[in-house]
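Structure data follow from entry24.txt (compact mmCIF, C-alpha atoms):
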# COMPACT_ATOMS: atom_id res chain seq x y z
CA MET A 36 16.52 -24.16 -4.63
CA GLU A 37 20.16 -24.66 -5.65
CA ASP A 38 20.37 -22.51 -8.74
CA ILE A 39 23.54 -20.45 -8.90
CA ILE A 40 22.19 -18.18 -11.68
CA VAL A 41 19.01 -17.29 -9.79
CA ARG A 42 20.99 -16.66 -6.61
CA TYR A 43 23.58 -14.48 -8.31
CA ILE A 44 21.04 -12.40 -10.28
CA SER A 45 18.79 -11.89 -7.26
CA ARG A 46 21.77 -10.91 -5.14
CA ILE A 47 22.49 -8.15 -7.67
CA ILE A 48 18.86 -7.13 -8.17
CA VAL A 49 17.59 -7.03 -4.56
CA PRO A 50 19.36 -3.80 -3.44
CA PHE A 51 18.11 -1.94 -6.51
CA VAL A 52 14.54 -3.14 -5.95
CA GLN A 53 14.74 -2.04 -2.30
CA LEU A 54 16.13 1.34 -3.27
CA TYR A 55 13.34 1.79 -5.80
CA GLY A 56 10.75 0.81 -3.17
CA LEU A 57 12.16 3.41 -0.77
CA TYR A 58 12.16 5.97 -3.59
CA VAL A 59 8.50 5.30 -4.38
CA ILE A 60 7.58 5.59 -0.68
CA LEU A 61 9.55 8.78 -0.01
CA HIS A 62 8.42 10.48 -3.24
CA GLY A 63 4.80 9.45 -2.72
CA HIS A 64 3.70 13.08 -2.45
CA LEU A 65 5.58 14.18 -5.59
CA SER A 66 5.23 11.41 -8.15
CA PRO A 67 2.89 8.49 -8.83
CA GLY A 68 3.11 5.90 -6.10
CA GLY A 69 2.92 6.15 -2.35
CA GLY A 70 2.93 4.03 0.75
CA PHE A 71 0.97 1.08 -0.56
CA SER A 72 2.79 0.60 -3.87
CA GLY A 73 6.23 1.40 -2.47
CA GLY A 74 5.74 -0.97 0.44
CA ALA A 75 4.66 -3.70 -1.97
CA ILE A 76 7.81 -3.17 -4.07
CA PHE A 77 10.02 -3.29 -0.98
CA ALA A 78 8.30 -6.46 0.25
CA ALA A 79 8.68 -8.04 -3.21
CA SER A 80 12.46 -7.66 -2.89
CA MET A 81 12.48 -9.52 0.44
CA ILE A 82 10.20 -12.22 -1.01
CA LEU A 83 12.55 -12.58 -3.98
CA TYR A 84 15.46 -12.94 -1.56
CA ALA A 85 13.69 -15.61 0.48
CA LEU A 86 12.63 -17.47 -2.67
CA SER A 87 16.04 -17.52 -4.34
CA PHE A 88 18.00 -18.35 -1.20
CA ASN A 89 15.92 -20.03 1.48
CA LEU A 90 13.62 -19.10 4.29
CA SER A 91 16.22 -19.14 7.05
CA ALA A 92 18.37 -16.67 5.08
CA GLY A 93 15.29 -14.45 4.71
CA THR A 94 14.32 -14.60 8.38
CA LYS A 95 17.93 -13.86 9.30
CA LYS A 96 17.62 -10.56 7.42
CA LEU A 97 14.25 -9.70 8.95
CA SER A 98 13.22 -11.75 11.99
CA HIS A 99 9.69 -12.16 13.28
CA ASP A 100 10.28 -9.82 16.22
CA VAL A 101 11.56 -7.05 13.97
CA SER A 102 8.71 -7.41 11.52
CA SER A 103 6.07 -7.36 14.26
CA VAL A 104 7.65 -4.19 15.65
CA LEU A 105 7.58 -2.67 12.14
CA GLU A 106 3.99 -3.84 11.70
CA SER A 107 2.78 -2.04 14.80
CA GLY A 108 5.23 0.83 14.30
CA GLY A 109 3.80 1.78 10.91
CA ALA A 110 0.27 1.95 12.25
CA LEU A 111 1.48 3.83 15.34
CA ILE A 112 3.26 6.44 13.18
CA PHE A 113 0.02 6.99 11.26
CA ALA A 114 -2.20 7.21 14.33
CA GLY A 115 0.47 9.20 16.19
CA MET A 116 0.48 11.90 13.51
CA GLY A 117 -3.30 12.09 13.87
CA LEU A 118 -3.08 12.40 17.64
CA LEU A 119 -0.28 14.98 17.33
CA ALA A 120 -2.67 17.10 15.28
CA VAL A 121 -5.23 16.77 18.08
CA LEU A 122 -2.61 17.88 20.63
CA LEU A 123 -1.79 20.87 18.43
CA GLY A 124 -5.41 21.92 18.67
CA THR A 125 -7.27 20.79 15.56
CA ASN A 126 -9.13 17.76 14.21
CA PHE A 127 -7.76 14.22 14.17
CA LEU A 128 -5.31 13.87 11.22
CA GLY A 129 -5.36 17.58 10.44
CA ASN A 130 -2.41 18.78 8.39
CA ARG A 131 -2.24 22.49 7.55
CA ALA A 132 -4.70 23.35 10.30
CA ALA A 133 -2.38 21.71 12.86
CA GLY A 134 0.49 23.92 11.72
CA PHE A 135 2.75 21.25 10.24
CA PRO A 136 5.28 22.98 7.95
CA LEU A 137 4.11 22.57 4.36
CA GLY A 138 7.43 23.59 2.78
CA ILE A 139 7.84 24.50 -0.87
CA PRO A 140 5.60 22.37 -3.13
CA GLY A 141 7.84 20.09 -5.19
CA ASN A 142 10.61 19.70 -2.60
CA LEU A 143 11.26 16.32 -1.05
CA PHE A 144 10.48 17.62 2.45
CA SER A 145 7.11 19.21 1.88
CA GLY A 146 3.50 18.51 2.63
CA GLY A 147 3.75 18.36 6.43
CA ALA A 148 2.19 15.20 7.80
CA ILE A 149 1.63 13.62 4.39
CA MET A 150 5.22 12.43 3.99
CA VAL A 151 5.33 10.93 7.50
CA ILE A 152 1.97 9.19 7.00
CA THR A 153 3.09 7.78 3.63
CA PHE A 154 6.26 6.46 5.26
CA GLY A 155 4.23 4.79 8.03
CA VAL A 156 1.87 3.19 5.52
CA GLY A 157 4.85 1.99 3.47
CA ILE A 158 6.50 0.32 6.49
CA LYS A 159 3.21 -1.29 7.41
CA VAL A 160 2.39 -2.68 3.95
CA ALA A 161 5.93 -4.00 3.48
CA SER A 162 6.01 -5.78 6.84
CA THR A 163 2.49 -7.17 6.32
CA MET A 164 3.41 -8.75 2.99
CA ILE A 165 6.73 -10.10 4.27
CA THR A 166 5.21 -11.54 7.45
CA LEU A 167 2.34 -13.16 5.56
CA PHE A 168 4.69 -14.71 3.01
CA TYR A 169 7.12 -16.04 5.60
CA SER A 170 4.31 -17.47 7.72
CA LEU A 171 2.70 -19.24 4.76
CA ILE A 172 6.03 -20.73 3.65
CA GLU A 173 6.81 -21.81 7.22
CA GLY A 174 3.45 -23.51 7.58
CA GLU A 175 4.04 -25.39 4.34
CA GLY A 176 7.45 -26.54 5.53
CA HIS A 177 6.02 -27.95 8.77
CA SER A 178 3.26 -29.89 7.06
CA HIS A 179 5.75 -31.67 4.78
CA ASP A 180 8.14 -32.63 7.56
CA MET B 254 -29.51 -29.63 -16.31
CA ARG B 255 -26.94 -28.09 -14.03
CA LYS B 256 -24.83 -26.93 -16.98
CA LEU B 257 -27.90 -25.33 -18.57
CA LEU B 258 -28.59 -23.48 -15.32
CA VAL B 259 -24.99 -22.21 -15.18
CA ILE B 260 -25.15 -21.04 -18.81
CA VAL B 261 -28.45 -19.21 -18.26
CA LEU B 262 -27.10 -17.58 -15.09
CA LEU B 263 -23.90 -16.48 -16.86
CA ALA B 264 -25.92 -15.10 -19.77
CA VAL B 265 -28.05 -13.04 -17.39
CA ILE B 266 -24.95 -11.70 -15.60
CA THR B 267 -23.28 -10.89 -18.95
CA PHE B 268 -26.39 -9.09 -20.16
CA ALA B 269 -26.57 -7.02 -16.96
CA MET B 270 -22.87 -6.10 -17.16
CA VAL B 271 -22.94 -5.22 -20.85
CA THR B 272 -26.03 -3.03 -20.46
CA THR B 273 -24.37 -1.29 -17.49
CA VAL B 274 -21.25 -0.57 -19.53
CA LEU B 275 -23.32 0.72 -22.44
CA GLU B 276 -25.22 3.05 -20.11
CA MET B 277 -22.01 4.58 -18.76
CA PRO B 278 -21.27 8.21 -19.71
CA THR B 279 -18.54 8.87 -22.26
CA PHE B 280 -15.04 8.95 -20.84
CA GLY B 281 -13.74 12.49 -20.45
CA ASP B 282 -17.04 14.21 -21.21
CA PRO B 283 -17.16 17.57 -19.36
CA ALA B 284 -20.87 17.06 -18.69
CA ASN B 285 -20.24 13.86 -16.70
CA PRO B 286 -21.87 13.76 -13.27
CA THR B 287 -18.45 13.24 -11.61
CA ASN B 288 -17.25 16.63 -12.86
CA ASN B 289 -18.76 18.63 -10.03
CA GLU B 290 -17.30 20.98 -7.44
CA VAL B 291 -15.45 18.22 -5.52
CA PRO B 292 -12.71 17.36 -8.07
CA GLU B 293 -12.57 21.05 -8.98
CA ARG B 294 -11.72 21.88 -5.38
CA TYR B 295 -9.09 19.13 -5.25
CA VAL B 296 -7.43 20.20 -8.50
CA GLN B 297 -7.37 23.91 -7.69
CA GLU B 298 -6.68 23.96 -3.95
CA THR B 299 -4.46 20.91 -3.27
CA ILE B 300 -1.12 22.73 -3.56
CA ARG B 301 -2.27 25.64 -1.41
CA GLU B 302 -3.94 23.48 1.23
CA THR B 303 -1.50 20.57 1.52
CA GLY B 304 1.70 21.61 -0.28
CA VAL B 305 2.08 18.41 -2.29
CA LEU B 306 2.07 17.95 -6.07
CA ASN B 307 0.48 14.50 -6.17
CA VAL B 308 -3.25 15.15 -5.78
CA ILE B 309 -3.97 11.46 -5.13
CA ALA B 310 -1.47 11.40 -2.26
CA ALA B 311 -3.10 14.55 -0.88
CA ILE B 312 -6.54 12.94 -1.04
CA ILE B 313 -5.64 9.60 0.53
CA THR B 314 -3.32 10.93 3.26
CA ASP B 315 -4.81 14.34 4.01
CA TYR B 316 -8.39 14.94 2.86
CA ARG B 317 -9.41 11.33 3.51
CA ALA B 318 -6.68 10.25 5.91
CA PHE B 319 -9.22 8.73 8.27
CA ASP B 320 -10.29 6.35 5.52
CA THR B 321 -6.65 5.36 4.94
CA LEU B 322 -6.23 4.77 8.67
CA GLY B 323 -9.16 2.36 8.43
CA GLU B 324 -7.45 0.67 5.50
CA ALA B 325 -4.28 0.25 7.54
CA THR B 326 -6.40 -1.19 10.35
CA VAL B 327 -7.88 -3.71 7.90
CA LEU B 328 -4.34 -4.78 6.98
CA PHE B 329 -3.43 -5.07 10.65
CA VAL B 330 -6.49 -7.17 11.51
CA ALA B 331 -5.95 -9.36 8.44
CA ILE B 332 -2.35 -10.12 9.32
CA ALA B 333 -3.25 -10.71 12.99
CA ALA B 334 -6.00 -13.14 12.01
CA ALA B 335 -3.78 -14.94 9.49
CA LEU B 336 -0.92 -15.27 11.97
CA SER B 337 -3.11 -16.52 14.78
CA THR B 338 -4.66 -19.10 12.44
CA LEU B 339 -1.34 -20.26 10.99
CA LYS B 340 0.49 -20.35 14.31
CA ALA B 341 -2.27 -22.46 15.88
CA HIS B 342 -1.30 -25.48 13.76

Turn this file's structure into structure tokens for me.
Amino acid sequence: MEDIIVRYISRIIVPFVQLYGLYVILHGHLSPGGGFSGGAIFAASMILYALSFNLSAGTKKLSHDVSSVLESGGALIFAGMGLLAVLLGTNFLGNRAAGFPLGIPGNLFSGGAIMVITFGVGIKVASTMITLFYSLIEGEGHSHD
Amino acid sequence: MRKLLVIVLLAVITFAMVTTVLEMPTFGDPANPTNNEVPERYVQETIRETGVLNVIAAIITDYRAFDTLGEATVLFVAIAAALSTLKAH
């Protein structure tokens, strides 16, 4: 697409959308939102970028290798927090029982494992959506060649 | 004939759905069957037990974190299946 208006507006909008996605992920335990919705917002910004520029510009920002690492990394953070609770002597995915610091309710760094798990889920959802979108667009490009 | 069959089938489904909705308890009624000790426990004990303000976040990532891990696994399997199918062509 060779539309200067779309390119210019999306160039301005994308950082704000990404910042808002990160905000929704990191404040998942304080305000409405969480890993799934924040990850979807973050992925929407990358999809907007790839749509308004082109696919090669999008994959330059986030290559397949990076997104597969993020994909597995998000799940590993989640499962790793569960296993850490087992190592600390309680049930799988225990939070207060494992002794994670709960902090003061209402602070950004509170809730022990919940914030880390939300972050992992957010990374995972974002990379899933981005990878799926890029792969579908790529497949379409090959079939038309 | 086929159209008639579709219309009858849709009418039956509509009837079933509408009767289900009409049978539902009133929204917000304190006597609803969902207002038992489970949401009471969540509302009263979430801050003490998990230290977060968002009760939904506490439920999905602490009380029922294992369920969310399964959800993340579903995402992982879905993307793996989609990629292996798309890359094969």

Listed atoms of segment 39-46 of chain A, axis-aligned box, 5 Å per side: centre and edge lengths to one decimal in Å, as AutoDock Vina command-line options?
--center_x 21.2 --center_y -15.7 --center_z -8.4 --size_x 14.8 --size_y 19.5 --size_z 16.5

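The gap separating atom CA of Phe168 of chain A from atom CA of Lys340 of chain B is 13.3 Å, in Å to one decimal.
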
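For Tyr58 of chain A, the list of residues within 10 Å, based on only C-alpha atoms and with local chain neighbours fewer than 6 positions off taken out, reads A:Val52, A:Ser66, A:Gly68, A:Gly69, A:Gly73, A:Phe77.
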
Those residues you just picked out, can you put them in a file as a tab-separated table (two decimals), in the frame of the given file with C-alpha atoms?
chain	number	residue	atom	x	y	z
A	52	VAL	CA	14.54	-3.14	-5.95
A	66	SER	CA	5.23	11.41	-8.15
A	68	GLY	CA	3.11	5.90	-6.10
A	69	GLY	CA	2.92	6.15	-2.35
A	73	GLY	CA	6.23	1.40	-2.47
A	77	PHE	CA	10.02	-3.29	-0.98

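Distance check against chain A using all atoms listed in the file: of B:Leu262, B:Val330, B:Leu322, B:Val271, the minimum falls on B:Leu322.
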
**Asked** Near chain B, which residues of chain A fall within 9 Å when you count only C-alpha atoms, and what do they look like as a VMD selection string?
**Response** chain A and resid 63 to 69 106 to 107 109 to 110 113 to 114 117 127 to 131 137 to 142 145 to 150 152 to 153 156 159 to 160 163 to 164 166 to 167 170 to 171 174

**Point-to-point distance from atom CA of Lys96 of chain A to atom CA of Val49 of chain A, Å rounded to tenths** = 12.5 Å

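Atom CA of Ala78 of chain A is found 11.5 Å from atom CA of Gly93 of chain A.
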
**Request:** With a distance cut-off of 12 Å and all atoms listed in the file, select the neighbouring residues of Met81 of chain A, excluding the residue or stretch itself and same-chain residues fewer than 5 positions from it, and output the selection as a PyMOL selection string.
**Result:** chain A and resi 45-46+48-53+56+74-76+86-90+92-98+102+161-169

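The nearest approach to Ile60 of chain A among the residues A:Ser72, A:Gly108, A:Ser103, A:Arg42, with only C-alpha atoms taken into account, belongs to A:Ser72.
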